[in-house]
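What follows is a short report on a single structure.
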Amino acid sequence: MSTPEHRIKRGVSLYSFQEEYFLRTLTLEDCIRVAGDIGARGIEIIPEQSIPGYPHLTDEFVDTWYAWMGKYGTTPVATDLFLDTKLHPDRRLTLDEQIASVHRDIDIAVRLGATIIRAIINTPPEVMEGAAPYAEEQGVRLLLEVHAPFHYEHPWILDHLEVMHRTQSPALGLMPDMGTFVERFPRVVSDRALRDGARPELVEYIVKTYDDHGDTHALMDIMNYRHGGPVEIGLARQATHYIWTDPRSMLPHMPLIGHVQAKFYEMTDEGTEYSIPYDRIVPVLVEGGFDGYLSSEYEGNRHVQDAFPVDSVEQVRRQHAMFARLLGEQKDPVLPTPRTLGAGPGTGPHTTGTGSH
Amino acid sequence: MSTPEHRIKRGVSLYSFQEEYFLRTLTLEDCIRVAGDIGARGIEIIPEQSIPGYPHLTDEFVDTWYAWMGKYGTTPVATDLFLDTKLHPDRRLTLDEQIASVHRDIDIAVRLGATIIRAIINTPPEVMEGAAPYAEEQGVRLLLEVHAPFHYEHPWILDHLEVMHRTQSPALGLMPDMGTFVERFPRVVSDRALRDGARPELVEYIVKTYDDHGDTHALMDIMNYRHGGPVEIGLARQATHYIWTDPRSMLPHMPLIGHVQAKFYEMTDEGTEYSIPYDRIVPVLVEGGFDGYLSSEYEGNRHVQDAFPVDSVEQVRRQHAMFARLLGEQKDPVLPTPRTLGAGPGTGPHTTGTGSH
Amino acid sequence: MFDQYIVCEEGFRALSDGRTGGVVEVRMPYYRGLTLSMVEAVDLTLDGQPVPPARTTFTVHGNSYRFDELPTVTDDRWEMGERAELAFETDQPLAAGEHDVAVSVRLRISYMPVPGGGRDRKRLVLAA
Amino acid sequence: MFDQYIVCEEGFRALSDGRTGGVVEVRMPYYRGLTLSMVEAVDLTLDGQPVPPARTTFTVHGNSYRFDELPTVTDDRWEMGERAELAFETDQPLAAGEHDVAVSVRLRISYMPVPGGGRDRKRLVLAA
Ligand SMILES: [Mn+2]
Ligand SMILES: [Mn+2]
């Protein structure tokens with residue numbers, strides 16, 4: 001079926017390459033080059049992840065940044081801010097200090113040419129409201145990340161929506177993280193627990209409870225009742241951090257949605273994400289008229305790094321092959337590469353049906 | 001309105017007098033006498049709470065026990081079992097050891113004349129199944145307590161129902177604890193948090209979220225975002241331990257329900273429980289044909305003991321005045337006593353509207 | 001629950017067997033009795049100084065135990081509300097007057113995924 | 001995340017300034033850099049013996065700190081993936097050959113109600 005007309009674009013958060021950047025097997029430039037190669041033109045960067053010397057940006061770095069954009073055919077789209085309310089050991093930041101922290105991150109976004117800033121979930125509504133005028137003045141949007149286990153009817157999100165609706169500030173909005181649409185428990189997570197020694201029947205119980213949309217509350221208690229140890233109890237706790245909500249819950253908020261973090265855990269050999277049904281999410285975004293970027297956030301690395309080489313680049317490439325298909329791109333600029341052996345569970349022996357899924 | 005005909009009886013779990021028993025201001029005999037005075041004829045006892053020397057019962061104690069029953073016009077109804085799967089520091093009890101533990105508690109119930117045993121929530125379904133034949137032989141029923149945050153559609157309870165339905169054992173059933181029907185956040189709990197230094201606006205946020213049946217998930221995170229400390233985070237955690245479910249959810253299970261633990265936190269001066277709508281719960285039990293005991297479990301003591309004298313007896317008396325009314329007893333055998341000053345929040349200055357409720 | 005009752009105000013006294021040290025009476029912060037094998041710690045801090053468990057003994061209804069013995073005691077219990085006697089040795093005799101006495105109890109409770117127990121701290125006057 | 005990368009296999013060496021002790025290189029188990037005031041602990045256990053923080057120093061990109069200084073350092077950061085140098089003193093010179101090196105990192109992360117961080121343990125060969 002043909003995809004209706006839309007203006008959705010493809011990008012990548014450099015957060016996706018955290019494993020390789022952490023280990024310095026990819027430089028910052030490498031990450032940007034790879035994004036360009038994949039056809040993910042929009043770049044989202046976490047300055048305090050991959051810009052040494054943050055919050056100070058040298059003119060030299062900024063010049064180099066823009067040179068990379070030109071060289072690799074990419075464009076700055078978003079930065080991610082954190083809010084270190086516990087900067088000091090003996091007190092929390094005041095409201096003014098918090099707003100000043102956001103102003104500083106606005107300045108960084110502007111210097112990097114980004115027009116969108118991810119505000120981390122712990123940013124209070126009054127800080128968003130207080131920083132909105134400066135953001136508007138600087139021509140950037142502050143978007144609150146809606147991150148699991150929060151969702152669009154959660155009290156904290158409702159508090160934020162109240163500010164957004166009351167102020168009508170063009171500088172405020174939402175940034176959905178697709179981790180709120182985890183329909184099946186991530187296989188890379190449950191397989192990791194098995195490798196860490198969890199009892200298979202307890203892992204299966206957790207996964208089945210989650211996949212059946214049962215009550216994950218008290219799963220930790222049940223693991224205790226079933227004589228589970230720290231690994232099983234830890235997996236049960238993780239089950240309360242993933243949520244499934246209907247992707248259509250984004251529709252009423254679409255005017256506030258300026259950017260989408262396309263969180264993912266595992267692109268399978270079949271070209272789908274194991275847990276998050278993008279084939280049903282993208283049509284909702286098209287229906288709602290979303291006109292921003294799908295920005296990849298590969299988050300499977302931490303779950304496979306104990307046993308497999310992490311190949312974030314291949315994972316992101318696969319996600320973009322899926323996006324190109326779902327977005328109806330006529331000429332697929334992302335050609336799947338040949339499968340490489342031993343490059344992670346997605347590209348490894350999972351094709352023979354490992355795990356009890 | 002007149003109450004339809006029913007066979008519901010009133011009792012008390014001696015757990016209700018835990019404060020006074022702990023401090024030895026009431027003896028075990030006192031507790032039974034008080035129950036008789038209140039007109040709560042059915043006695044539920046936790047043997048390992050109030051029988052020194054448990055699990056060994058002397059003939060002398062047993063004789064005394066029955067003498068008390070005769071003297072105070074009470075009758076043994078239920079005992080409560082625990083399952084110490086972590087008895088040993090280095091291993092968990094085997095299935096056989098668990099079943100043997102339950103058998104031992106069955107013997108205790110029989111010696112005390114109880115025909116019902118509360119099985120604690122961590123009792124696995126296979127232990128219930130394994131102990132059922134002996135329970136049936138001994139003429140007692142093993143009833144799994146359905147305790148918050150568990151409820152009638154929770155996976156753990158469903159696992160137990162599977163055993164009950166499959167085996168059709170007359171010795172297995174359910175014991176609903178009314179703590180699964182907490183419609184309003186317990187005032188004694190939120191007031192305690194205020195006395196412990198919690199910020200009123202954060203307490204109000206938690207209480208309002210709970211009372212609005214909002215998502216209490218991530219409330220601990222929100223307390224952190226709002227610069228809450230351990231007291232606020234602890235209160236947020238407690239908010240995930242209370243649940244509201246529709247009392248009518250008991251109706252499909254009524255044949256399995258042999259005893260009701262009438263949990264309560266605060267009987268107000270107006271003669272209602274602050275959080276649990278007994279005026280809607282009792283009619284459901286009547287409708288379903290429940291023919292066992294409403295067994296009081298006063299649990300407000302631990303929340304008021306820091307600032308007020310605990311008067312568990314008065315609290316239980318008030319609950320039974322309410323039950324007598326709801327059960328349509330023509331001659332109320334429980335006459336409310338005059339209010340005593342300083343006897344706990346329920347009988348203290350709450351009449352002037354303390355707290356933000 | 002019952003944390004505020006752990007340290008008993010009465011019964012704080014010097015050892016009477018010639019050793020230097022004392023006895024504080026303690027109650028368990030829990031609504032039922034518990035087999036001793038599940039009492040993981042009853043840790044004493046006296047005037048700001050932790051007393052090593054090896055220098056304490058724990059007595060319930062006349063039965064005395066070293067703390068390293070408790071994990072194997074499955075035939076005795078700390079009853080609900082029972083005042084246990086926590087005897088401890090110090091290098092110097094206890095001074096007359098007030099002392100800061102803090103006790104932390106850790107219990108292994110089967111239906112909880114994390115330890116149970118509680119803490120209490122009181123200023124106690126040494127009985128003459 | 002990244003716990004397995006905390007203790008770096010390369011760079012484990014003896015101190016070269018005449019004191020007895022050594023240096024182990026460590027990375028932060030977190031996906032972004034963090035201001036040093038929020039690095040609450042980088043605790044070392046060498047061959048089963050905890051090394052007191054007072055006997056260690058922490059160096060990032062050439063800037064060295066005592067651990068009791070870190071809470072006030074708001075103008076410097078441990079960058080994501082940066083190998084910090086944890087220098088430590090011992091009573092005796094480090095023996096040649098293998099050592100058991102365990103590091104526990106505790107981070108104060110504002111959006112978490114509990115501390116972040118992680119632990120790692122490796123057997124490292126002392127560089128000649
Ligand atoms: Mn995200
Ligand atoms: Mn109960």
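If you're wondering about the labels, chains in the structure tokens are A, B, ... by order shown, residues count from 1 in each chain, ligands from 1 in order shown.
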
With only C-alpha atoms and all ligand atoms counted and 12 Å as the cut-off, give the residues of chain A in contact with ligand 1, each with its shortest interatomic distance in Å and the pair that gives it, as a Markdown table.
| residue | atom | partner | partner_atom_place_in_ligand_line | distance |
| --- | --- | --- | --- | --- |
| A:Val12 | CA | ligand 1 | 1 (Mn) | 11.5 |
| A:Ser13 | CA | ligand 1 | 1 (Mn) | 9.1 |
| A:Leu14 | CA | ligand 1 | 1 (Mn) | 11.5 |
| A:Tyr15 | CA | ligand 1 | 1 (Mn) | 9.0 |
| A:Ser16 | CA | ligand 1 | 1 (Mn) | 10.2 |
| A:Glu44 | CA | ligand 1 | 1 (Mn) | 11.0 |
| A:Ile45 | CA | ligand 1 | 1 (Mn) | 11.7 |
| A:Ile46 | CA | ligand 1 | 1 (Mn) | 10.9 |
| A:Thr79 | CA | ligand 1 | 1 (Mn) | 11.6 |
| A:Asp80 | CA | ligand 1 | 1 (Mn) | 9.2 |
| A:Leu81 | CA | ligand 1 | 1 (Mn) | 11.4 |
| A:Phe82 | CA | ligand 1 | 1 (Mn) | 11.9 |
| A:Arg118 | CA | ligand 1 | 1 (Mn) | 8.7 |
| A:Ala119 | CA | ligand 1 | 1 (Mn) | 10.2 |
| A:Ile120 | CA | ligand 1 | 1 (Mn) | 8.7 |
| A:Ile121 | CA | ligand 1 | 1 (Mn) | 9.6 |
| A:Leu143 | CA | ligand 1 | 1 (Mn) | 11.6 |
| A:Leu144 | CA | ligand 1 | 1 (Mn) | 10.4 |
| A:Glu145 | CA | ligand 1 | 1 (Mn) | 6.8 |
| A:Val146 | CA | ligand 1 | 1 (Mn) | 8.0 |
| A:His147 | CA | ligand 1 | 1 (Mn) | 6.3 |
| A:Ala148 | CA | ligand 1 | 1 (Mn) | 9.0 |
| A:Pro149 | CA | ligand 1 | 1 (Mn) | 11.8 |
| A:Phe150 | CA | ligand 1 | 1 (Mn) | 11.9 |
| A:Leu174 | CA | ligand 1 | 1 (Mn) | 11.8 |
| A:Met175 | CA | ligand 1 | 1 (Mn) | 8.5 |
| A:Pro176 | CA | ligand 1 | 1 (Mn) | 7.9 |
| A:Asp177 | CA | ligand 1 | 1 (Mn) | 4.9 |
| A:Met178 | CA | ligand 1 | 1 (Mn) | 7.6 |
| A:Gly179 | CA | ligand 1 | 1 (Mn) | 7.4 |
| A:Thr180 | CA | ligand 1 | 1 (Mn) | 9.8 |
| A:His259 | CA | ligand 1 | 1 (Mn) | 10.8 |
| A:Val260 | CA | ligand 1 | 1 (Mn) | 8.7 |
| A:Gln261 | CA | ligand 1 | 1 (Mn) | 5.5 |
| A:Ala262 | CA | ligand 1 | 1 (Mn) | 7.7 |
| A:Lys263 | CA | ligand 1 | 1 (Mn) | 6.2 |
| A:Phe264 | CA | ligand 1 | 1 (Mn) | 9.6 |
| A:Tyr265 | CA | ligand 1 | 1 (Mn) | 11.9 |
| A:Leu294 | CA | ligand 1 | 1 (Mn) | 11.6 |
| A:Ser295 | CA | ligand 1 | 1 (Mn) | 9.4 |
| A:Ser296 | CA | ligand 1 | 1 (Mn) | 9.1 |
| A:Glu297 | CA | ligand 1 | 1 (Mn) | 6.7 |
| A:Tyr298 | CA | ligand 1 | 1 (Mn) | 9.5 |
| A:Glu299 | CA | ligand 1 | 1 (Mn) | 9.2 |

Expected file: the selected residues, N, CA and C atoms, as a compact mmCIF listing (two decimals), in the first residue's frame:
# COMPACT_ATOMS: atom_id res chain seq x y z
N VAL A 12 19.08 10.85 13.10
CA VAL A 12 19.64 9.94 14.12
C VAL A 12 20.17 10.78 15.26
N SER A 13 19.88 10.30 16.49
CA SER A 13 20.55 10.85 17.66
C SER A 13 21.88 10.12 17.79
N LEU A 14 22.94 10.87 17.96
CA LEU A 14 24.26 10.27 18.11
C LEU A 14 24.36 9.41 19.37
N TYR A 15 23.37 9.55 20.23
CA TYR A 15 23.19 8.63 21.38
C TYR A 15 23.20 7.18 20.90
N SER A 16 22.75 6.97 19.66
CA SER A 16 22.68 5.61 19.10
C SER A 16 24.02 4.92 19.05
N GLU A 44 20.78 14.70 15.82
CA GLU A 44 20.50 15.07 17.21
C GLU A 44 21.75 14.74 18.01
N ILE A 45 22.19 15.65 18.85
CA ILE A 45 23.40 15.40 19.63
C ILE A 45 23.14 15.72 21.09
N ILE A 46 23.72 14.92 21.96
CA ILE A 46 23.74 15.22 23.39
C ILE A 46 25.08 15.90 23.67
N THR A 79 19.33 19.21 20.08
CA THR A 79 20.25 18.89 21.17
C THR A 79 19.42 18.38 22.34
N ASP A 80 20.10 17.70 23.27
CA ASP A 80 19.40 17.17 24.46
C ASP A 80 19.94 17.89 25.69
N LEU A 81 19.04 18.44 26.50
CA LEU A 81 19.50 19.04 27.75
C LEU A 81 19.15 18.14 28.93
N PHE A 82 20.03 18.20 29.93
CA PHE A 82 19.78 17.62 31.23
C PHE A 82 19.61 18.77 32.21
N ARG A 118 15.71 18.83 23.40
CA ARG A 118 15.03 17.86 24.26
C ARG A 118 15.20 18.30 25.71
N ALA A 119 14.08 18.54 26.39
CA ALA A 119 14.13 18.80 27.82
C ALA A 119 13.93 17.47 28.54
N ILE A 120 14.82 17.15 29.46
CA ILE A 120 14.73 15.87 30.15
C ILE A 120 13.52 15.83 31.07
N ILE A 121 13.03 14.64 31.33
CA ILE A 121 11.75 14.45 32.02
C ILE A 121 11.68 15.11 33.39
N LEU A 143 11.28 20.98 24.00
CA LEU A 143 10.30 19.90 23.94
C LEU A 143 10.54 18.94 25.08
N LEU A 144 9.53 18.76 25.91
CA LEU A 144 9.64 17.81 27.01
C LEU A 144 9.59 16.38 26.46
N GLU A 145 10.63 15.60 26.79
CA GLU A 145 10.62 14.20 26.37
C GLU A 145 9.59 13.42 27.18
N VAL A 146 8.66 12.77 26.47
CA VAL A 146 7.71 11.87 27.14
C VAL A 146 8.34 10.48 27.09
N HIS A 147 8.89 10.08 28.23
CA HIS A 147 9.72 8.88 28.34
C HIS A 147 9.01 7.88 29.24
N ALA A 148 9.02 6.59 28.89
CA ALA A 148 8.44 5.57 29.76
C ALA A 148 9.10 5.64 31.14
N PRO A 149 8.35 5.40 32.26
CA PRO A 149 6.95 4.96 32.31
C PRO A 149 5.94 6.09 32.27
N PHE A 150 6.35 7.30 31.90
CA PHE A 150 5.38 8.38 31.74
C PHE A 150 4.62 8.21 30.43
N LEU A 174 6.23 18.90 23.02
CA LEU A 174 6.52 17.54 23.48
C LEU A 174 7.45 16.82 22.51
N MET A 175 8.24 15.91 23.05
CA MET A 175 9.09 15.05 22.24
C MET A 175 8.81 13.61 22.65
N PRO A 176 7.94 12.92 21.89
CA PRO A 176 7.65 11.53 22.25
C PRO A 176 8.87 10.64 22.04
N ASP A 177 9.16 9.85 23.06
CA ASP A 177 10.15 8.78 22.94
C ASP A 177 9.33 7.51 22.69
N MET A 178 9.68 6.76 21.64
CA MET A 178 8.89 5.59 21.26
C MET A 178 8.97 4.45 22.27
N GLY A 179 9.78 4.64 23.30
CA GLY A 179 9.81 3.64 24.37
C GLY A 179 8.52 3.56 25.14
N THR A 180 7.56 4.45 24.88
CA THR A 180 6.26 4.35 25.53
C THR A 180 5.34 3.40 24.78
N HIS A 259 9.35 16.64 17.37
CA HIS A 259 10.49 15.76 17.11
C HIS A 259 10.16 14.43 17.76
N VAL A 260 10.57 13.34 17.14
CA VAL A 260 10.28 12.01 17.70
C VAL A 260 11.59 11.26 17.92
N GLN A 261 11.78 10.79 19.14
CA GLN A 261 12.95 9.95 19.41
C GLN A 261 12.55 8.49 19.14
N ALA A 262 13.10 7.97 18.06
CA ALA A 262 12.75 6.61 17.62
C ALA A 262 13.60 5.59 18.39
N LYS A 263 13.27 5.45 19.65
CA LYS A 263 13.93 4.49 20.53
C LYS A 263 13.81 3.09 19.94
N PHE A 264 14.87 2.29 20.02
CA PHE A 264 14.71 0.89 19.64
C PHE A 264 15.76 0.03 20.33
N TYR A 265 15.39 -1.25 20.49
CA TYR A 265 16.24 -2.19 21.22
C TYR A 265 16.85 -3.24 20.30
N LEU A 294 12.13 11.61 12.53
CA LEU A 294 12.25 10.39 13.32
C LEU A 294 13.74 10.24 13.62
N SER A 295 14.10 10.34 14.89
CA SER A 295 15.51 10.40 15.28
C SER A 295 15.87 9.13 16.05
N SER A 296 16.67 8.28 15.40
CA SER A 296 16.99 6.96 15.97
C SER A 296 17.68 7.08 17.32
N GLU A 297 17.25 6.22 18.25
CA GLU A 297 17.93 6.07 19.55
C GLU A 297 18.13 4.58 19.79
N TYR A 298 19.26 4.04 19.32
CA TYR A 298 19.53 2.62 19.56
C TYR A 298 19.92 2.42 21.01
N GLU A 299 19.19 1.54 21.69
CA GLU A 299 19.42 1.32 23.11
C GLU A 299 19.56 -0.17 23.44

| message | So that I can check the surroundings of region 88-104 of chain D, please list as an NGL selection string every protein, DNA and RNA residue that reaches within 7 Å of it, counting only C-alpha atoms and ignoring chain neighbours fewer than 5 positions away. | response | :D and (7 or 14 or 20-23 or 42-47 or 55-57 or 118-126)

Enumerate, as a PDB file with N, CA and C atoms, in the first residue's frame, the complete set of residues in region 36-254 of chain B that a backbone-based DSSP assignment places in strand (DSSP E).
ATOM      1  N   GLY B  42     -16.667 -13.626  66.533  1.00  0.00           N
ATOM      2  CA  GLY B  42     -15.710 -14.495  65.856  1.00  0.00           C
ATOM      3  C   GLY B  42     -14.290 -14.009  66.082  1.00  0.00           C
ATOM      4  N   ILE B  43     -13.420 -14.910  66.517  1.00  0.00           N
ATOM      5  CA  ILE B  43     -12.036 -14.543  66.819  1.00  0.00           C
ATOM      6  C   ILE B  43     -11.096 -15.106  65.752  1.00  0.00           C
ATOM      7  N   GLU B  44     -10.293 -14.204  65.194  1.00  0.00           N
ATOM      8  CA  GLU B  44      -9.190 -14.606  64.320  1.00  0.00           C
ATOM      9  C   GLU B  44      -7.904 -14.296  65.078  1.00  0.00           C
ATOM     10  N   ILE B  45      -6.987 -15.237  65.112  1.00  0.00           N
ATOM     11  CA  ILE B  45      -5.740 -15.017  65.843  1.00  0.00           C
ATOM     12  C   ILE B  45      -4.557 -15.371  64.952  1.00  0.00           C
ATOM     13  N   THR B  75     -16.050 -17.156  69.730  1.00  0.00           N
ATOM     14  CA  THR B  75     -15.833 -18.461  69.120  1.00  0.00           C
ATOM     15  C   THR B  75     -14.631 -18.391  68.180  1.00  0.00           C
ATOM     16  N   PRO B  76     -13.780 -19.436  68.195  1.00  0.00           N
ATOM     17  CA  PRO B  76     -12.634 -19.419  67.278  1.00  0.00           C
ATOM     18  C   PRO B  76     -13.127 -19.545  65.837  1.00  0.00           C
ATOM     19  N   VAL B  77     -12.590 -18.719  64.962  1.00  0.00           N
ATOM     20  CA  VAL B  77     -12.989 -18.770  63.553  1.00  0.00           C
ATOM     21  C   VAL B  77     -11.782 -19.029  62.639  1.00  0.00           C
ATOM     22  N   ALA B  78     -10.713 -18.270  62.840  1.00  0.00           N
ATOM     23  CA  ALA B  78      -9.605 -18.335  61.881  1.00  0.00           C
ATOM     24  C   ALA B  78      -8.266 -18.156  62.567  1.00  0.00           C
ATOM     25  N   THR B  79      -7.240 -18.759  61.953  1.00  0.00           N
ATOM     26  CA  THR B  79      -5.848 -18.474  62.302  1.00  0.00           C
ATOM     27  C   THR B  79      -5.150 -17.972  61.043  1.00  0.00           C
ATOM     28  N   ASP B  80      -3.999 -17.320  61.239  1.00  0.00           N
ATOM     29  CA  ASP B  80      -3.235 -16.800  60.108  1.00  0.00           C
ATOM     30  C   ASP B  80      -1.903 -17.534  60.029  1.00  0.00           C
ATOM     31  N   LEU B  81      -1.599 -18.099  58.854  1.00  0.00           N
ATOM     32  CA  LEU B  81      -0.279 -18.715  58.704  1.00  0.00           C
ATOM     33  C   LEU B  81       0.633 -17.823  57.872  1.00  0.00           C
ATOM     34  N   ILE B 116     -10.822 -22.096  59.617  1.00  0.00           N
ATOM     35  CA  ILE B 116     -10.318 -21.306  58.489  1.00  0.00           C
ATOM     36  C   ILE B 116      -8.880 -20.912  58.801  1.00  0.00           C
ATOM     37  N   ILE B 117      -8.027 -20.961  57.787  1.00  0.00           N
ATOM     38  CA  ILE B 117      -6.637 -20.525  57.924  1.00  0.00           C
ATOM     39  C   ILE B 117      -6.331 -19.518  56.822  1.00  0.00           C
ATOM     40  N   ARG B 118      -5.849 -18.348  57.257  1.00  0.00           N
ATOM     41  CA  ARG B 118      -5.355 -17.385  56.269  1.00  0.00           C
ATOM     42  C   ARG B 118      -4.003 -17.854  55.775  1.00  0.00           C
ATOM     43  N   ALA B 119      -3.887 -18.084  54.474  1.00  0.00           N
ATOM     44  CA  ALA B 119      -2.584 -18.369  53.862  1.00  0.00           C
ATOM     45  C   ALA B 119      -2.005 -17.044  53.372  1.00  0.00           C
ATOM     46  N   ARG B 141     -10.300 -24.959  56.054  1.00  0.00           N
ATOM     47  CA  ARG B 141     -10.136 -24.380  54.717  1.00  0.00           C
ATOM     48  C   ARG B 141      -8.896 -23.481  54.709  1.00  0.00           C
ATOM     49  N   LEU B 142      -8.083 -23.643  53.684  1.00  0.00           N
ATOM     50  CA  LEU B 142      -6.919 -22.787  53.455  1.00  0.00           C
ATOM     51  C   LEU B 142      -7.346 -21.681  52.498  1.00  0.00           C
ATOM     52  N   LEU B 143      -7.346 -20.429  52.977  1.00  0.00           N
ATOM     53  CA  LEU B 143      -7.811 -19.327  52.149  1.00  0.00           C
ATOM     54  C   LEU B 143      -6.647 -18.368  51.860  1.00  0.00           C
ATOM     55  N   LEU B 144      -6.344 -18.204  50.604  1.00  0.00           N
ATOM     56  CA  LEU B 144      -5.286 -17.280  50.225  1.00  0.00           C
ATOM     57  C   LEU B 144      -5.760 -15.837  50.438  1.00  0.00           C
ATOM     58  N   GLU B 145      -4.988 -15.073  51.235  1.00  0.00           N
ATOM     59  CA  GLU B 145      -5.350 -13.674  51.418  1.00  0.00           C
ATOM     60  C   GLU B 145      -5.069 -12.894  50.143  1.00  0.00           C
ATOM     61  N   VAL B 146      -6.086 -12.207  49.635  1.00  0.00           N
ATOM     62  CA  VAL B 146      -5.882 -11.308  48.498  1.00  0.00           C
ATOM     63  C   VAL B 146      -5.610  -9.921  49.084  1.00  0.00           C
ATOM     64  N   LEU B 172      -9.743 -25.285  49.650  1.00  0.00           N
ATOM     65  CA  LEU B 172      -9.035 -24.105  49.142  1.00  0.00           C
ATOM     66  C   LEU B 172     -10.009 -22.978  48.835  1.00  0.00           C
ATOM     67  N   GLY B 173      -9.568 -21.757  49.055  1.00  0.00           N
ATOM     68  CA  GLY B 173     -10.405 -20.610  48.731  1.00  0.00           C
ATOM     69  C   GLY B 173      -9.651 -19.309  48.899  1.00  0.00           C
ATOM     70  N   LEU B 174     -10.400 -18.224  48.929  1.00  0.00           N
ATOM     71  CA  LEU B 174      -9.833 -16.879  48.995  1.00  0.00           C
ATOM     72  C   LEU B 174     -10.274 -16.168  50.267  1.00  0.00           C
ATOM     73  N   MET B 175      -9.422 -15.308  50.754  1.00  0.00           N
ATOM     74  CA  MET B 175      -9.741 -14.435  51.890  1.00  0.00           C
ATOM     75  C   MET B 175      -9.472 -12.997  51.464  1.00  0.00           C
ATOM     76  N   PRO B 176     -10.500 -12.282  51.016  1.00  0.00           N
ATOM     77  CA  PRO B 176     -10.275 -10.891  50.603  1.00  0.00           C
ATOM     78  C   PRO B 176      -9.913 -10.018  51.791  1.00  0.00           C
TER      79      PRO B 176
END

Could you give me, as JSON lines, a per-residue list for chain C showing, wherever an atom lies at most 9 Å from an atom of chain B, the closest pair of atoms and their distance in Å to one decimal, using only C-alpha atoms and sorting by chain then residue number from low to high?
{"residue": "C:Met1", "atom": "CA", "partner": "B:Arg302", "partner_atom": "CA", "distance": 5.4}
{"residue": "C:Phe2", "atom": "CA", "partner": "B:Arg302", "partner_atom": "CA", "distance": 6.8}
{"residue": "C:Gln4", "atom": "CA", "partner": "B:Asp306", "partner_atom": "CA", "distance": 7.6}
{"residue": "C:Tyr5", "atom": "CA", "partner": "B:Leu23", "partner_atom": "CA", "distance": 8.6}
{"residue": "C:Tyr31", "atom": "CA", "partner": "B:Gln49", "partner_atom": "CA", "distance": 6.6}
{"residue": "C:Arg32", "atom": "CA", "partner": "B:Gln49", "partner_atom": "CA", "distance": 4.0}
{"residue": "C:Gly33", "atom": "CA", "partner": "B:Gln49", "partner_atom": "CA", "distance": 5.5}
{"residue": "C:Leu34", "atom": "CA", "partner": "B:Glu48", "partner_atom": "CA", "distance": 7.7}
{"residue": "C:Thr35", "atom": "CA", "partner": "B:Leu87", "partner_atom": "CA", "distance": 7.6}
{"residue": "C:Leu36", "atom": "CA", "partner": "B:Leu87", "partner_atom": "CA", "distance": 9.0}
{"residue": "C:Ser37", "atom": "CA", "partner": "B:Leu87", "partner_atom": "CA", "distance": 6.4}
{"residue": "C:Met38", "atom": "CA", "partner": "B:Leu87", "partner_atom": "CA", "distance": 6.1}
{"residue": "C:Glu40", "atom": "CA", "partner": "B:Pro89", "partner_atom": "CA", "distance": 8.7}
{"residue": "C:Pro71", "atom": "CA", "partner": "B:Pro89", "partner_atom": "CA", "distance": 6.4}
{"residue": "C:Thr72", "atom": "CA", "partner": "B:His88", "partner_atom": "CA", "distance": 7.4}
{"residue": "C:Thr74", "atom": "CA", "partner": "B:Leu87", "partner_atom": "CA", "distance": 7.5}
{"residue": "C:Asp76", "atom": "CA", "partner": "B:Gly53", "partner_atom": "CA", "distance": 8.1}
{"residue": "C:Arg77", "atom": "CA", "partner": "B:Gly53", "partner_atom": "CA", "distance": 7.8}
{"residue": "C:Glu79", "atom": "CA", "partner": "B:Pro52", "partner_atom": "CA", "distance": 6.5}
{"residue": "C:Met80", "atom": "CA", "partner": "B:Gln49", "partner_atom": "CA", "distance": 5.7}
{"residue": "C:Gly81", "atom": "CA", "partner": "B:Phe22", "partner_atom": "CA", "distance": 4.3}
{"residue": "C:Glu82", "atom": "CA", "partner": "B:Phe22", "partner_atom": "CA", "distance": 7.8}
{"residue": "C:Arg108", "atom": "CA", "partner": "B:Lys86", "partner_atom": "CA", "distance": 7.0}
{"residue": "C:Ile109", "atom": "CA", "partner": "B:Lys86", "partner_atom": "CA", "distance": 7.1}
{"residue": "C:Ser110", "atom": "CA", "partner": "B:Lys86", "partner_atom": "CA", "distance": 5.2}
{"residue": "C:Tyr111", "atom": "CA", "partner": "B:Asn122", "partner_atom": "CA", "distance": 5.5}
{"residue": "C:Met112", "atom": "CA", "partner": "B:Asn122", "partner_atom": "CA", "distance": 8.9}

| request: Please return as number ranges by chain: the residues of region 1-93 of chain B that backbone DSSP assigns to helix (DSSP H, G or I). | output: B: 14-23, 28-38, 47-50, 59-72

| message | I want to know what sits within 7 Å of region 99-113 of chain B, based on only C-alpha atoms, with residues of the same chain fewer than 2 positions away left out; could you give that as a list in words? | response | Val62, Pro76, Thr79, Leu81, Leu95, Asp96, Glu97, Thr115, Val127, Gly130, Ala131 and Ala135 of chain B

| Distance CA of Leu107 (chain C)-CA of Gly62 (chain C), one decimal place? |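 CA of Gly62 (chain C) lies at a distance of 21.0 Å from CA of Leu107 (chain C).
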
| Quick one: of B:Lys9, B:Arg187, B:Lys71, B:Arg226, who's nearest to chain A, counting only C-alpha atoms? |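 Looking at the shortest contact to chain A, the residue is B:Arg226.
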